[in-house]
>>> print(open('entry_28.cif').read())   # mmCIF, C-alpha atoms
data_entry
#
loop_
_atom_site.label_atom_id
_atom_site.label_comp_id
_atom_site.auth_asym_id
_atom_site.auth_seq_id
_atom_site.Cartn_x
_atom_site.Cartn_y
_atom_site.Cartn_z
CA MET R 1 17.26 -0.33 -1.33
CA LYS R 2 15.84 1.20 1.84
CA THR R 3 15.77 5.01 1.77
CA ASN R 4 14.68 7.86 4.05
CA LYS R 5 12.95 10.14 1.54
CA LEU R 6 9.53 10.37 3.19
CA ARG R 7 10.92 11.17 6.65
CA GLN R 8 13.22 13.80 5.21
CA HIS R 9 10.51 15.34 3.04
CA LEU R 10 8.02 15.51 5.92
CA ASN R 11 10.63 16.34 8.57
CA LEU R 12 9.55 13.35 10.64
CA PRO R 13 11.56 12.05 13.61
CA LYS R 14 13.95 9.19 12.90
CA ASN R 15 11.92 6.84 15.10
CA SER R 16 8.69 7.48 13.19
CA ARG R 17 7.14 4.50 11.43
CA ILE R 18 5.33 5.02 8.15
CA ALA R 19 2.33 3.25 6.63
CA LEU R 20 2.12 4.39 2.99
CA TYR R 21 -0.80 4.63 0.59
CA GLN R 22 0.31 5.55 -2.93
CA GLY R 23 -2.01 6.07 -5.85
CA ASN R 24 -4.72 8.44 -6.99
CA ILE R 25 -6.38 10.50 -4.28
CA GLN R 26 -9.98 10.04 -5.34
CA PRO R 27 -13.39 9.32 -3.78
CA ASP R 28 -13.63 5.55 -4.36
CA ARG R 29 -10.35 4.66 -2.63
CA GLY R 30 -11.70 4.72 0.93
CA LEU R 31 -9.11 7.26 2.04
CA GLU R 32 -11.45 8.81 4.56
CA ARG R 33 -11.21 5.49 6.42
CA LEU R 34 -7.46 5.98 6.74
CA VAL R 35 -8.01 9.46 8.15
CA ARG R 36 -10.38 8.05 10.76
CA ALA R 37 -7.98 5.18 11.48
CA ALA R 38 -5.23 7.72 12.22
CA ALA R 39 -6.96 8.54 15.51
CA TYR R 40 -6.03 5.06 16.77
CA LEU R 41 -2.34 5.14 15.87
CA GLU R 42 0.47 4.93 18.38
CA PRO R 43 2.39 8.22 18.83
CA GLU R 44 5.29 7.30 16.53
CA ASN R 45 3.12 5.94 13.70
CA VAL R 46 2.17 8.01 10.65
CA ILE R 47 0.02 7.33 7.59
CA VAL R 48 1.30 9.00 4.43
CA ILE R 49 -1.02 9.40 1.43
CA MET R 50 1.01 10.11 -1.71
CA GLY R 51 -0.59 10.63 -5.08
CA GLN R 52 -2.35 12.68 -7.71
CA ASN R 53 -5.41 14.55 -6.45
CA ILE R 54 -8.66 13.98 -8.35
CA GLY R 55 -11.37 16.61 -8.02
CA THR R 56 -11.96 17.90 -4.50
CA THR R 57 -10.83 14.74 -2.68
CA ARG R 58 -7.68 16.19 -1.13
CA MET R 59 -9.55 19.23 0.17
CA GLU R 60 -12.24 17.00 1.69
CA LEU R 61 -9.61 14.80 3.34
CA ALA R 62 -7.86 17.90 4.73
CA GLN R 63 -11.15 19.05 6.25
CA LEU R 64 -11.67 15.63 7.81
CA ILE R 65 -8.11 15.63 9.19
CA THR R 66 -8.87 18.95 10.88
CA LEU R 67 -12.19 17.68 12.20
CA GLN R 68 -10.59 14.50 13.57
CA GLN R 69 -7.54 16.41 14.90
CA VAL R 70 -5.09 13.87 13.49
CA HIS R 71 -2.57 16.21 11.80
CA GLU R 72 0.34 14.49 13.55
CA HIS R 73 -0.67 11.04 12.31
CA ILE R 74 -1.60 11.52 8.67
CA LYS R 75 0.15 13.45 5.91
CA ILE R 76 -0.84 14.04 2.28
CA ILE R 77 1.80 14.76 -0.34
CA PRO R 78 1.81 15.11 -4.14
CA PRO R 79 2.95 12.31 -6.45
CA VAL R 80 6.60 11.94 -7.40
CA PRO R 81 7.89 11.17 -10.92
CA TYR R 82 7.38 7.50 -11.73
CA LYS R 83 11.09 6.96 -12.30
CA ASP R 84 11.67 7.98 -8.67
CA LEU R 85 8.63 6.24 -7.19
CA LEU R 86 10.19 3.05 -5.83
CA SER R 87 12.90 4.94 -3.95
CA TRP R 88 10.18 6.95 -2.19
CA THR R 89 8.10 3.82 -1.61
CA ALA R 90 11.09 2.06 -0.06
CA SER R 91 11.31 4.75 2.64
CA ALA R 92 8.03 3.59 4.22
CA ASP R 93 7.69 0.64 6.59
CA ILE R 94 4.50 -0.92 5.23
CA GLY R 95 2.26 -0.36 2.21
CA LEU R 96 -1.54 -0.04 2.39
CA THR R 97 -4.21 -1.39 0.05
CA ILE R 98 -7.19 -0.67 2.29
CA ILE R 99 -9.68 -0.64 -0.57
CA PRO R 100 -13.45 -0.48 0.15
CA LEU R 101 -15.27 -3.77 -0.24
CA ASP R 102 -18.25 -3.56 -2.56
CA TYR R 103 -18.12 -7.30 -3.24
CA THR R 104 -18.48 -6.95 -7.01
CA ARG R 105 -16.48 -9.55 -8.91
CA ASN R 106 -14.27 -6.78 -10.27
CA MET R 107 -13.40 -5.58 -6.77
CA ARG R 108 -12.94 -9.04 -5.26
CA THR R 109 -10.42 -10.03 -7.93
CA CYS R 110 -8.62 -6.70 -8.40
CA LEU R 111 -4.83 -6.57 -8.17
CA PRO R 112 -3.84 -2.90 -7.74
CA ASN R 113 -0.58 -1.75 -9.32
CA LYS R 114 0.44 -0.38 -5.91
CA LEU R 115 0.53 -3.92 -4.52
CA PHE R 116 3.35 -4.87 -6.88
CA GLU R 117 5.09 -1.52 -6.41
CA TYR R 118 5.15 -2.16 -2.67
CA ILE R 119 6.56 -5.64 -3.20
CA GLN R 120 9.18 -4.37 -5.66
CA ALA R 121 10.27 -1.86 -3.01
CA GLY R 122 10.39 -4.54 -0.30
CA LEU R 123 7.39 -3.26 1.67
CA PRO R 124 5.20 -5.63 3.65
CA VAL R 125 1.55 -4.98 2.79
CA LEU R 126 -1.56 -4.48 4.90
CA SER R 127 -4.68 -5.05 2.81
CA SER R 128 -8.42 -5.30 2.97
CA PRO R 129 -9.63 -8.88 2.36
CA LEU R 130 -9.62 -8.88 -1.44
CA GLU R 131 -9.41 -12.39 -2.86
CA ALA R 132 -6.63 -11.88 -5.39
CA VAL R 133 -4.56 -9.68 -3.07
CA ARG R 134 -4.96 -12.20 -0.24
CA GLU R 135 -3.64 -14.94 -2.54
CA ILE R 136 -0.50 -12.95 -3.34
CA LEU R 137 0.13 -12.03 0.30
CA THR R 138 -0.39 -15.61 1.44
CA THR R 139 1.58 -17.28 -1.35
CA TYR R 140 4.66 -15.13 -0.82
CA ASP R 141 4.13 -14.35 2.89
CA VAL R 142 4.52 -10.61 2.34
CA GLY R 143 1.72 -9.08 4.35
CA ASN R 144 -1.41 -9.21 6.49
CA ILE R 145 -5.16 -8.79 6.03
CA VAL R 146 -7.22 -6.46 8.23
CA ARG R 147 -9.92 -8.29 10.16
CA SER R 148 -12.52 -5.60 9.41
CA MET R 149 -12.79 -2.26 7.67
CA ASP R 150 -13.76 -0.42 10.85
CA PRO R 151 -11.32 2.50 11.30
CA ALA R 152 -10.40 1.33 14.81
CA ASP R 153 -9.50 -2.13 13.48
CA VAL R 154 -7.53 -0.63 10.60
CA GLY R 155 -5.60 1.61 13.00
CA MET R 156 -4.86 -1.26 15.37
CA ALA R 157 -3.75 -3.48 12.48
CA ILE R 158 -1.31 -0.78 11.38
CA ASN R 159 -0.01 -0.47 14.94
CA THR R 160 0.44 -4.23 15.24
CA MET R 161 2.41 -4.56 12.02
CA LEU R 162 4.63 -1.58 12.76
CA SER R 163 5.40 -2.87 16.25
CA GLN R 164 6.96 -6.10 14.94
CA PRO R 165 10.35 -5.24 13.38
CA ASP R 166 11.45 -8.87 13.10
CA GLU R 167 8.26 -9.80 11.26
CA LEU R 168 8.62 -6.79 8.97
CA ALA R 169 12.22 -7.72 8.21
CA ARG R 170 11.18 -11.28 7.35
CA MET R 171 8.35 -10.13 5.07
CA ARG R 172 10.62 -7.53 3.50
CA ALA R 173 13.10 -10.27 2.58
CA ASN R 174 10.24 -12.37 1.19
CA ALA R 175 8.96 -9.42 -0.87
CA LEU R 176 12.36 -8.68 -2.40
CA GLN R 177 12.84 -12.37 -3.23
CA ALA R 178 9.38 -12.60 -4.81
CA ALA R 179 10.04 -9.42 -6.80
CA GLN R 180 13.30 -10.84 -8.13
CA GLN R 181 12.16 -14.38 -8.86
CA ASP R 182 8.45 -14.31 -9.71
CA LEU R 183 6.64 -10.96 -9.58
CA CYS R 184 8.66 -9.25 -12.29
CA TRP R 185 8.24 -8.48 -15.98
CA GLU R 186 10.95 -10.91 -17.00
CA LYS R 187 8.88 -13.78 -15.56
CA GLU R 188 5.41 -12.47 -16.37
CA SER R 189 6.35 -11.69 -19.97
CA GLN R 190 7.00 -15.39 -20.58
CA LYS R 191 3.45 -16.21 -19.46
CA LEU R 192 2.09 -13.57 -21.84
CA LEU R 193 4.15 -14.92 -24.73
CA ARG R 194 2.90 -18.46 -24.07
CA LEU R 195 -0.67 -17.17 -24.03
CA TYR R 196 -0.18 -15.46 -27.41
CA GLN R 197 1.43 -18.58 -28.83
CA GLN R 198 -1.53 -20.73 -27.73
CA PHE R 199 -3.94 -18.19 -29.20
CA LEU R 200 -2.12 -18.12 -32.54
CA ALA R 201 -1.87 -21.91 -32.63
CA ASN R 202 -5.65 -22.14 -32.39
#
>>> encode(input="entry_28.cif", output="structure tokens")
Amino acid sequence: MKTNKLRQHLNLPKNSRIALYQGNIQPDRGLERLVRAAAYLEPENVIVIMGQNIGTTRMELAQLITLQQVHEHIKIIPPVPYKDLLSWTASADIGLTIIPLDYTRNMRTCLPNKLFEYIQAGLPVLSSPLEAVREILTTYDVGNIVRSMDPADVGMAINTMLSQPDELARMRANALQAAQQDLCWEKESQKLLRLYQQFLAN
């Protein structure tokens, strides 16, 4: 169910549009790219980074926000209890998985938990071109891929998605349907059980 928690918590205007990153705030997540991308956002668009700080990452991001003078376009907030997470997630307009590309096999095929949390909450997703993530977004038609990892391109991709309410509504409906029918524990657990049964049979 759509909520308004992030706007209320951050005292944002009702017409603000939110691109959400949720997850650990740590060095290898490419979050500095989101800070730099914030300089290219339209006036009503805001990136929210929500998660547990690791080490000095949040402090370094805050310094970069000051340096880039993008306070109005990017906000960092602490994590919320997991039982409340999806209601906070559902108050954004799109979810972000802008993960750095190091082209290792592990990175190319990664499927971040946040991807499925976004889909469960009905959020269309904007992602870097990771193979496994691209497959999910394409199969269920629930998001877009950034054309490059340049901050200007990331910012423009966020603007483009947030400027298309009809497209977002369509992808939101697709996400909620996928979450109910396929991308859920009730369905995935059956695959796991079949795998165990095949293993035991051999």
>>> closest_atom_pairs(input="entry_28.cif", of="range 18-118 of chain R", to="range 123-143 of chain R", cutoff="12 Å", atoms="all atoms listed in the file", output="JSON lines")
{"residue": "R:Ile18", "atom": "CA", "partner": "R:Leu123", "partner_atom": "CA", "distance": 10.7}
{"residue": "R:Ala19", "atom": "CA", "partner": "R:Leu126", "partner_atom": "CA", "distance": 8.8}
{"residue": "R:Leu20", "atom": "CA", "partner": "R:Leu123", "partner_atom": "CA", "distance": 9.4}
{"residue": "R:Tyr21", "atom": "CA", "partner": "R:Leu126", "partner_atom": "CA", "distance": 10.1}
{"residue": "R:Arg29", "atom": "CA", "partner": "R:Ser128", "partner_atom": "CA", "distance": 11.6}
{"residue": "R:Gly30", "atom": "CA", "partner": "R:Ser128", "partner_atom": "CA", "distance": 10.7}
{"residue": "R:Arg33", "atom": "CA", "partner": "R:Ser128", "partner_atom": "CA", "distance": 11.7}
{"residue": "R:Leu34", "atom": "CA", "partner": "R:Ser128", "partner_atom": "CA", "distance": 11.9}
{"residue": "R:Leu86", "atom": "CA", "partner": "R:Leu123", "partner_atom": "CA", "distance": 10.2}
{"residue": "R:Ser87", "atom": "CA", "partner": "R:Leu123", "partner_atom": "CA", "distance": 11.4}
{"residue": "R:Trp88", "atom": "CA", "partner": "R:Leu123", "partner_atom": "CA", "distance": 11.3}
{"residue": "R:Thr89", "atom": "CA", "partner": "R:Leu123", "partner_atom": "CA", "distance": 7.8}
{"residue": "R:Ala90", "atom": "CA", "partner": "R:Leu123", "partner_atom": "CA", "distance": 6.7}
{"residue": "R:Ser91", "atom": "CA", "partner": "R:Leu123", "partner_atom": "CA", "distance": 9.0}
{"residue": "R:Ala92", "atom": "CA", "partner": "R:Leu123", "partner_atom": "CA", "distance": 7.3}
{"residue": "R:Asp93", "atom": "CA", "partner": "R:Leu123", "partner_atom": "CA", "distance": 6.3}
{"residue": "R:Ile94", "atom": "CA", "partner": "R:Pro124", "partner_atom": "CA", "distance": 5.0}
{"residue": "R:Gly95", "atom": "CA", "partner": "R:Val125", "partner_atom": "CA", "distance": 4.7}
{"residue": "R:Leu96", "atom": "CA", "partner": "R:Leu126", "partner_atom": "CA", "distance": 5.1}
{"residue": "R:Thr97", "atom": "CA", "partner": "R:Ser127", "partner_atom": "CA", "distance": 4.6}
{"residue": "R:Ile98", "atom": "CA", "partner": "R:Ser128", "partner_atom": "CA", "distance": 4.8}
{"residue": "R:Ile99", "atom": "CA", "partner": "R:Ser128", "partner_atom": "CA", "distance": 6.0}
{"residue": "R:Pro100", "atom": "CA", "partner": "R:Ser128", "partner_atom": "CA", "distance": 7.5}
{"residue": "R:Leu101", "atom": "CA", "partner": "R:Leu130", "partner_atom": "CA", "distance": 7.7}
{"residue": "R:Asp102", "atom": "CA", "partner": "R:Leu130", "partner_atom": "CA", "distance": 10.2}
{"residue": "R:Tyr103", "atom": "CA", "partner": "R:Leu130", "partner_atom": "CA", "distance": 8.8}
{"residue": "R:Thr104", "atom": "CA", "partner": "R:Leu130", "partner_atom": "CA", "distance": 10.6}
{"residue": "R:Arg105", "atom": "CA", "partner": "R:Glu131", "partner_atom": "CA", "distance": 9.7}
{"residue": "R:Asn106", "atom": "CA", "partner": "R:Leu130", "partner_atom": "CA", "distance": 10.2}
{"residue": "R:Met107", "atom": "CA", "partner": "R:Leu130", "partner_atom": "CA", "distance": 7.3}
{"residue": "R:Arg108", "atom": "CA", "partner": "R:Leu130", "partner_atom": "CA", "distance": 5.1}
{"residue": "R:Thr109", "atom": "CA", "partner": "R:Ala132", "partner_atom": "CA", "distance": 4.9}
{"residue": "R:Cys110", "atom": "CA", "partner": "R:Ala132", "partner_atom": "CA", "distance": 6.3}
{"residue": "R:Leu111", "atom": "CA", "partner": "R:Val133", "partner_atom": "CA", "distance": 6.0}
{"residue": "R:Pro112", "atom": "CA", "partner": "R:Val133", "partner_atom": "CA", "distance": 8.3}
{"residue": "R:Asn113", "atom": "CA", "partner": "R:Val133", "partner_atom": "CA", "distance": 10.9}
{"residue": "R:Lys114", "atom": "CA", "partner": "R:Val125", "partner_atom": "CA", "distance": 9.9}
{"residue": "R:Leu115", "atom": "CA", "partner": "R:Val125", "partner_atom": "CA", "distance": 7.5}
{"residue": "R:Phe116", "atom": "CA", "partner": "R:Leu123", "partner_atom": "CA", "distance": 9.6}
{"residue": "R:Glu117", "atom": "CA", "partner": "R:Leu123", "partner_atom": "CA", "distance": 8.6}
{"residue": "R:Tyr118", "atom": "CA", "partner": "R:Leu123", "partner_atom": "CA", "distance": 5.0}
>>> resolve_selection(input="entry_28.cif", expression="the PyMOL selection byres ((chain R and resi 52) around 8)", output="list in words")
Gly23, Asn24, Ile25, Met50, Gly51, Asn53, Ile54, Pro78 and Pro79 of chain R
>>> closest_residue(input="entry_28.cif", among="R:Ile65, R:Leu41, R:Leu183, R:Leu12", to="Thr160 in chain R", atoms="all atoms listed in the file")
R:Leu41
>>> atom_distance(input="entry_28.cif", atom1="CA of Ala157 in chain R", atom2="CA of Glu42 in chain R")
11.1 Å
>>> closest_residue(input="entry_28.cif", among="R:Ile47, R:Ala121, R:Val154, R:Ile145", to="Ala179 in chain R", atoms="only C-alpha atoms")
R:Ala121
>>> resolve_selection(input="entry_28.cif", expression="the PyMOL selection byres ((chain R and resi 39) around 9)", output="PyMOL selection string")
chain R and resi 35-38+40-42+68-70+73+151-152+155
>>> write_last_selection(input="entry_28.cif", atoms="C-alpha atoms", output="compact mmCIF listing (two decimals), in the frame of the given file")
# COMPACT_ATOMS: atom_id res chain seq x y z
CA VAL R 35 -8.01 9.46 8.15
CA ARG R 36 -10.38 8.05 10.76
CA ALA R 37 -7.98 5.18 11.48
CA ALA R 38 -5.23 7.72 12.22
CA TYR R 40 -6.03 5.06 16.77
CA LEU R 41 -2.34 5.14 15.87
CA GLU R 42 0.47 4.93 18.38
CA GLN R 68 -10.59 14.50 13.57
CA GLN R 69 -7.54 16.41 14.90
CA VAL R 70 -5.09 13.87 13.49
CA HIS R 73 -0.67 11.04 12.31
CA PRO R 151 -11.32 2.50 11.30
CA ALA R 152 -10.40 1.33 14.81
CA GLY R 155 -5.60 1.61 13.00
>>> atom_distance(input="entry_28.cif", atom1="CA of Leu10 in chain R", atom2="CA of Ile77 in chain R")
8.9 Å
>>> atom_distance(input="entry_28.cif", atom1="CA of Thr56 in chain R", atom2="CA of His71 in chain R")
18.9 Å
>>> closest_residue(input="entry_28.cif", among="R:Arg58, R:Arg17, R:His9, R:Lys75", to="Ser163 in chain R", atoms="all atoms listed in the file")
R:Arg17
>>> closest_residue(input="entry_28.cif", among="R:Leu31, R:Leu6, R:Ile74, R:Leu64", to="Val46 in chain R", atoms="only C-alpha atoms")
R:Ile74
